[in-house]
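K.L.:
Sending over run_5.cif (mmCIF, C-alpha atoms and all ligand atoms).
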data_target
#
loop_
_atom_site.label_atom_id
_atom_site.label_comp_id
_atom_site.auth_asym_id
_atom_site.auth_seq_id
_atom_site.Cartn_x
_atom_site.Cartn_y
_atom_site.Cartn_z
CA MET A 1 173.05 -258.81 -23.52
CA THR A 2 172.65 -255.79 -25.81
CA GLU A 3 170.46 -253.12 -24.32
CA GLU A 4 167.22 -252.53 -26.15
CA LEU A 5 167.12 -248.81 -26.91
CA GLU A 6 163.98 -246.85 -26.19
CA LYS A 7 163.07 -244.93 -29.33
CA LYS A 8 162.64 -241.58 -27.60
CA PHE A 9 166.15 -241.82 -26.11
CA ALA A 10 167.89 -243.27 -29.19
CA TYR A 11 169.43 -239.95 -30.27
CA TRP A 12 170.89 -236.96 -28.47
CA HIS A 13 170.63 -233.86 -30.68
CA GLY A 14 170.89 -236.10 -33.73
CA ILE A 15 173.80 -238.19 -32.38
CA ASP A 16 173.37 -241.95 -31.96
CA ARG A 17 173.02 -242.29 -28.18
CA THR A 18 175.10 -245.49 -28.10
CA LYS A 19 178.10 -243.45 -29.32
CA ILE A 20 178.03 -241.36 -26.13
CA PRO A 21 179.36 -243.29 -23.12
CA TRP A 22 177.58 -241.17 -20.53
CA TYR A 23 175.77 -243.30 -17.93
CA PRO A 24 176.09 -244.22 -14.27
CA THR A 25 178.27 -246.99 -12.88
CA ILE A 26 177.44 -248.47 -9.50
CA ASP A 27 180.10 -249.69 -7.11
CA ALA A 28 178.20 -252.69 -5.68
CA ASP A 29 180.53 -252.84 -2.65
CA LYS A 30 179.51 -249.33 -1.66
CA CYS A 31 175.75 -249.61 -2.48
CA ILE A 32 173.70 -249.88 0.72
CA GLY A 33 170.46 -250.73 -1.12
CA CYS A 34 168.56 -247.59 -0.15
CA LYS A 35 166.70 -247.58 -3.53
CA LEU A 36 166.90 -243.78 -3.83
CA CYS A 37 168.41 -243.89 -7.33
CA PHE A 38 165.92 -246.55 -8.44
CA VAL A 39 162.94 -244.49 -7.32
CA SER A 40 164.27 -241.04 -8.31
CA CYS A 41 165.49 -241.54 -11.87
CA GLY A 42 162.70 -240.42 -14.19
CA ARG A 43 164.18 -242.38 -17.11
CA ASN A 44 164.18 -245.86 -15.54
CA VAL A 45 167.93 -246.26 -15.95
CA PHE A 46 168.02 -248.41 -12.80
CA ASP A 47 166.51 -251.71 -11.80
CA PHE A 48 166.73 -253.14 -8.31
CA ASP A 49 168.01 -256.58 -7.41
CA MET A 50 165.89 -257.59 -4.40
CA GLU A 51 167.93 -260.70 -3.65
CA GLU A 52 171.24 -258.89 -3.56
CA ASN A 53 169.66 -255.71 -2.20
CA LYS A 54 171.57 -253.64 -4.74
CA ALA A 55 170.66 -251.16 -7.45
CA VAL A 56 171.71 -252.16 -10.96
CA VAL A 57 172.00 -250.15 -14.16
CA SER A 58 169.64 -251.80 -16.63
CA LYS A 59 169.03 -249.17 -19.32
CA LYS A 60 172.21 -247.12 -19.41
CA PHE A 61 171.45 -245.29 -22.66
CA ASN A 62 168.22 -243.92 -21.19
CA CYS A 63 170.42 -241.70 -19.03
CA LEU A 64 170.17 -238.01 -19.90
CA VAL A 65 173.53 -236.90 -21.29
CA GLY A 66 175.16 -234.58 -18.75
CA CYS A 67 172.80 -235.48 -15.88
CA SER A 68 174.42 -236.78 -12.69
CA THR A 69 171.59 -236.31 -10.21
CA CYS A 70 171.68 -239.90 -8.95
CA ALA A 71 175.40 -239.61 -8.13
CA THR A 72 174.67 -236.39 -6.23
CA ILE A 73 171.89 -237.91 -4.14
CA CYS A 74 173.38 -241.37 -3.49
CA PRO A 75 174.05 -241.37 0.28
CA ALA A 76 176.82 -243.95 -0.08
CA GLY A 77 178.75 -242.29 -2.92
CA ALA A 78 178.31 -245.52 -4.88
CA ILE A 79 177.46 -243.95 -8.25
CA SER A 80 180.02 -242.47 -10.60
CA PHE A 81 180.03 -240.92 -14.08
CA PRO A 82 182.70 -240.35 -16.74
CA ASN A 83 184.51 -237.02 -16.86
CA LYS A 84 182.16 -234.35 -18.21
CA GLU A 85 184.94 -233.09 -20.52
CA MET A 86 184.08 -236.11 -22.69
CA VAL A 87 180.60 -234.60 -23.25
CA HIS A 88 182.09 -231.20 -24.07
CA GLU A 89 184.37 -232.82 -26.62
CA ILE A 90 181.43 -234.52 -28.35
CA GLU A 91 179.57 -231.19 -28.31
CA ARG A 92 182.51 -229.57 -30.12
CA GLU A 93 183.14 -232.42 -32.58
CA GLU A 94 179.48 -232.83 -33.54
CA LYS A 95 178.80 -229.07 -33.56
CA VAL A 96 175.93 -229.60 -31.15
CA LEU A 97 175.63 -225.91 -30.28
CA ALA A 98 174.95 -225.03 -33.91
CA LYS A 99 172.36 -227.82 -34.20
CA ILE A 100 170.40 -226.78 -31.16
CA GLN A 101 169.65 -223.31 -32.55
CA LYS A 102 166.83 -224.80 -34.63
CA GLU A 103 165.58 -226.86 -31.69
CA ALA A 104 165.64 -223.76 -29.49
CA LYS A 105 163.64 -221.79 -32.07
CA LYS A 106 160.95 -224.49 -32.26
CA LYS A 107 160.81 -224.78 -28.48
CA LYS A 108 160.44 -221.00 -28.10
CA VAL A 109 157.58 -220.88 -30.64
CA LYS A 110 155.82 -223.76 -28.85
CA MET A 111 156.23 -222.10 -25.47
CA ASP A 112 154.94 -218.76 -26.80
CA ILE A 113 151.89 -220.49 -28.33
CA GLU A 114 151.24 -222.30 -25.06
CA LYS A 115 151.50 -219.01 -23.15
CA ALA A 116 149.13 -217.26 -25.57
CA ARG A 117 146.69 -220.19 -25.30
CA LYS A 118 146.70 -219.92 -21.50
CA GLU A 119 146.02 -216.19 -21.74
CA VAL A 120 143.07 -216.87 -24.07
CA MET A 121 141.73 -219.53 -21.68
CA ASP A 122 142.01 -216.97 -18.89
CA VAL A 123 140.01 -214.48 -20.97
CA LEU A 124 137.42 -217.15 -21.80
CA SER A 125 136.90 -217.95 -18.14
CA LYS A 126 135.91 -214.29 -17.49
CA ILE A 127 133.56 -213.87 -20.43
CA LYS A 128 130.40 -211.84 -19.81
CA THR A 129 129.01 -211.98 -23.31
CA LYS A 130 129.61 -214.03 -26.42
CA LEU A 131 128.26 -214.27 -29.94
CA ASN A 132 128.94 -217.17 -32.31
CA TYR A 133 129.37 -216.20 -35.96
CA GLU A 134 129.29 -218.34 -39.06
CA ILE A 135 130.15 -216.72 -42.37
CA ALA A 136 130.90 -217.82 -45.92
CA GLY A 137 132.85 -216.33 -48.81
CA ASN A 138 136.37 -215.70 -50.02
CA ILE A 139 137.70 -215.39 -46.51
CA TYR A 140 141.41 -215.33 -47.41
CA GLU A 141 141.28 -213.09 -50.44
CA SER A 142 138.97 -210.56 -48.83
CA ASP A 143 141.45 -210.19 -45.94
CA LEU A 144 138.41 -210.30 -43.70
CA PHE A 145 140.04 -210.84 -40.33
CA SER A 146 142.50 -208.02 -40.82
CA LYS A 147 139.59 -205.68 -41.66
CA ILE A 148 137.53 -206.83 -38.68
CA HIS A 149 140.58 -206.37 -36.48
CA ASP A 150 140.93 -202.74 -37.57
CA GLU A 151 137.22 -202.07 -37.01
CA ILE A 152 137.07 -203.47 -33.48
CA MET A 153 140.34 -201.94 -32.34
CA ASN A 154 138.55 -199.55 -29.97
CA CYS A 155 135.85 -201.97 -28.80
CA ASN A 156 136.05 -203.94 -25.56
CA ILE A 157 135.66 -207.20 -27.45
CA ASP A 158 137.91 -209.85 -28.95
CA ILE A 159 137.49 -212.79 -31.28
CA VAL A 160 138.40 -216.33 -30.20
CA ASP A 161 137.99 -219.88 -31.47
CA ILE A 162 138.57 -219.01 -35.12
CA HIS A 163 138.06 -221.91 -37.53
CA VAL A 164 138.23 -221.65 -41.31
CA GLU A 165 137.01 -224.56 -43.41
CA SER A 166 138.15 -224.53 -47.03
CA PRO A 167 138.00 -227.16 -49.77
CA SER A 168 141.77 -226.66 -50.19
CA LEU A 169 144.21 -223.76 -50.26
CA LYS A 170 144.55 -223.90 -54.06
CA GLU A 171 140.81 -224.19 -54.59
CA SER A 172 140.28 -221.18 -52.37
CA TRP A 173 143.00 -218.99 -53.88
CA ASP A 174 143.07 -220.06 -57.52
CA MET A 175 139.47 -221.17 -58.14
CA LYS A 176 137.90 -218.65 -55.71
CA ALA A 177 136.03 -221.48 -53.99
CA PRO A 178 134.19 -220.16 -50.92
CA SER A 179 135.26 -221.02 -47.39
CA ILE A 180 133.29 -221.09 -44.18
CA ALA A 181 134.60 -219.28 -41.13
CA LYS A 182 133.35 -219.76 -37.59
CA PHE A 183 134.41 -217.61 -34.68
CA THR A 184 133.19 -216.31 -31.36
CA VAL A 185 133.05 -212.65 -30.40
CA VAL A 186 133.60 -212.25 -26.67
CA SER A 187 133.72 -209.50 -24.10
CA THR A 188 134.87 -209.67 -20.51
CA LYS A 189 133.78 -206.09 -19.83
CA MET A 190 130.45 -205.46 -21.57
CA GLU A 191 127.07 -207.15 -21.33
CA ASP A 192 125.79 -205.41 -24.45
CA ILE A 193 128.13 -205.77 -27.43
CA SER A 194 125.55 -204.99 -30.10
CA ALA A 195 127.31 -201.78 -31.24
CA CYS A 196 130.61 -203.61 -31.76
CA ALA A 197 128.85 -206.57 -33.38
CA LYS A 198 127.28 -204.10 -35.84
CA LEU A 199 130.79 -203.02 -36.92
CA ILE A 200 131.66 -206.67 -37.57
CA ASP A 201 128.43 -207.27 -39.52
CA GLU A 202 129.10 -204.23 -41.72
CA THR A 203 132.69 -205.31 -42.35
CA ILE A 204 131.52 -208.77 -43.40
CA GLU A 205 129.05 -207.22 -45.83
CA ARG A 206 131.56 -204.70 -47.24
CA SER A 207 134.13 -207.47 -47.81
CA GLY A 208 131.66 -209.40 -49.98
CA ASN A 209 131.25 -212.27 -47.50
CA VAL A 210 127.90 -213.55 -46.27
CA LEU A 211 126.75 -213.77 -42.66
CA ILE A 212 125.11 -217.19 -42.30
CA SER A 213 124.30 -217.09 -38.62
CA LYS A 214 124.95 -215.09 -35.47
CA LYS A 215 123.74 -216.40 -32.09
S1 LIG B 1 171.26 -244.46 -4.23
FE1 LIG B 1 173.29 -245.35 -4.01
S2 LIG B 1 173.17 -246.59 -2.17
FE2 LIG B 1 171.08 -246.14 -2.77
S3 LIG B 1 170.49 -247.91 -4.01
FE3 LIG B 1 171.29 -246.35 -5.43
S4 LIG B 1 173.44 -246.84 -5.64
FE4 LIG B 1 172.72 -247.95 -3.86
S1 LIG B 2 171.96 -239.16 -14.23
FE1 LIG B 2 169.86 -238.59 -14.20
S2 LIG B 2 168.96 -239.63 -15.98
FE2 LIG B 2 170.97 -240.56 -15.60
S3 LIG B 2 170.52 -242.29 -14.35
FE3 LIG B 2 171.02 -240.65 -12.94
S4 LIG B 2 169.05 -239.66 -12.47
FE4 LIG B 2 168.74 -241.00 -14.24
#
Please express the file's structure as structure tokens.
P.N.:
Amino acid sequence: MTEELEKKFAYWHGIDRTKIPWYPTIDADKCIGCKLCFVSCGRNVFDFDMEENKAVVSKKFNCLVGCSTCATICPAGAISFPNKEMVHEIEREEKVLAKIQKEAKKKKVKMDIEKARKEVMDVLSKIKTKLNYEIAGNIYESDLFSKIHDEIMNCNIDIVDIHVESPSLKESWDMKAPSIAKFTVVSTKMEDISACAKLIDETIERSGNVLISKK
């Protein structure tokens, strides 16, 4: 019976997974039915035949190319894999190392964003004071956030939770349609941030935007 491929495992760095013969083979004579491989494999490559008391490979193409953990942990030495040189050859032929540069770049950006998000959450958990702002105007064109950033450089405050609502990018840039920006000014060090908030209020006014609410 042809194995039904799980979508998420159908390709390995763009290569049809069925073209890579990397998966475990079980020597049924050696298998002692301990179920370690069945329980340990996170990709459900194995099923377990209760009647025969043997592990069976049921979804071979779910196996992670290059992984051989189950063979390492099998106490009976019943699991084997092809020679890893076969994987290296496919890597060379399909220029996998060149392809993964893009994947690595995306992964790094995602990890950096995740790290920054955690740092922000950490800051949020220590907040002493916060002020929610809502403003309207030509947010992009007026370069508002860059100006606010320069003004508050020496204040013990930061701005989090920034949301800009615009009709569309073209409407905002080409037709000068106003946008609404919402953000929260926070401080983990000061109870009274009125002096810093004043700098923000003045910057909003100077940039031609309108302060709708501050609370
Ligand atoms: S780990 Fe080895 S001995 Fe245990 S069930 Fe799997 S194949 Fe059999
Ligand atoms: S090598 Fe890894 S992914 Fe493949 S079957 Fe064994 S434990 Fe699962």
K.L.:
For ligand LIG 2 (chain B), return the neighbouring residues as a count of residues only (distance at most 10 Å; only C-alpha atoms and all ligand atoms).
P.N.:
36
K.L.:
Which residues are near A:Pro167? Cut-off 8 Å, only C-alpha atoms, ignore same chain within fewer than 5 positions. Put them as a short mmCIF file (atom, residue, chain, number, x, y, z; two decimals) with C-alpha atoms, in the frame of the given file.
P.N.:
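Written output follows (around_2.cif):
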data_model
loop_
_atom_site.label_atom_id
_atom_site.label_comp_id
_atom_site.auth_asym_id
_atom_site.auth_seq_id
_atom_site.Cartn_x
_atom_site.Cartn_y
_atom_site.Cartn_z
CA SER A 172 140.28 -221.18 -52.37
CA ALA A 177 136.03 -221.48 -53.99
CA SER A 179 135.26 -221.02 -47.39
#
K.L.:
Check the smallest atom-to-atom distance from each of A:Glu85, A:Asp27, A:Glu4, A:Asp16 to ligand LIG 1 (chain B) using all atoms listed in the file, then report the winner.
P.N.:
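Looking at the shortest contact to ligand LIG 1 (chain B), the residue is A:Asp27.
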K.L.:
What lies within 12 Å of A:Asn154 using all atoms listed in the file, ignoring chain neighbours under 6 positions off, as a list in words?
P.N.:
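With the cut-off at 12 Å, the set is Ile148, Ala195, Cys196 and Leu199 of chain A.
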K.L.:
Residues up to 6 Å from ligand LIG 1 (chain B), counting all atoms listed in the file: could you list those as a PyMOL selection string?
P.N.:
chain A and resi 26+31-37+54-55+74-76+78-79
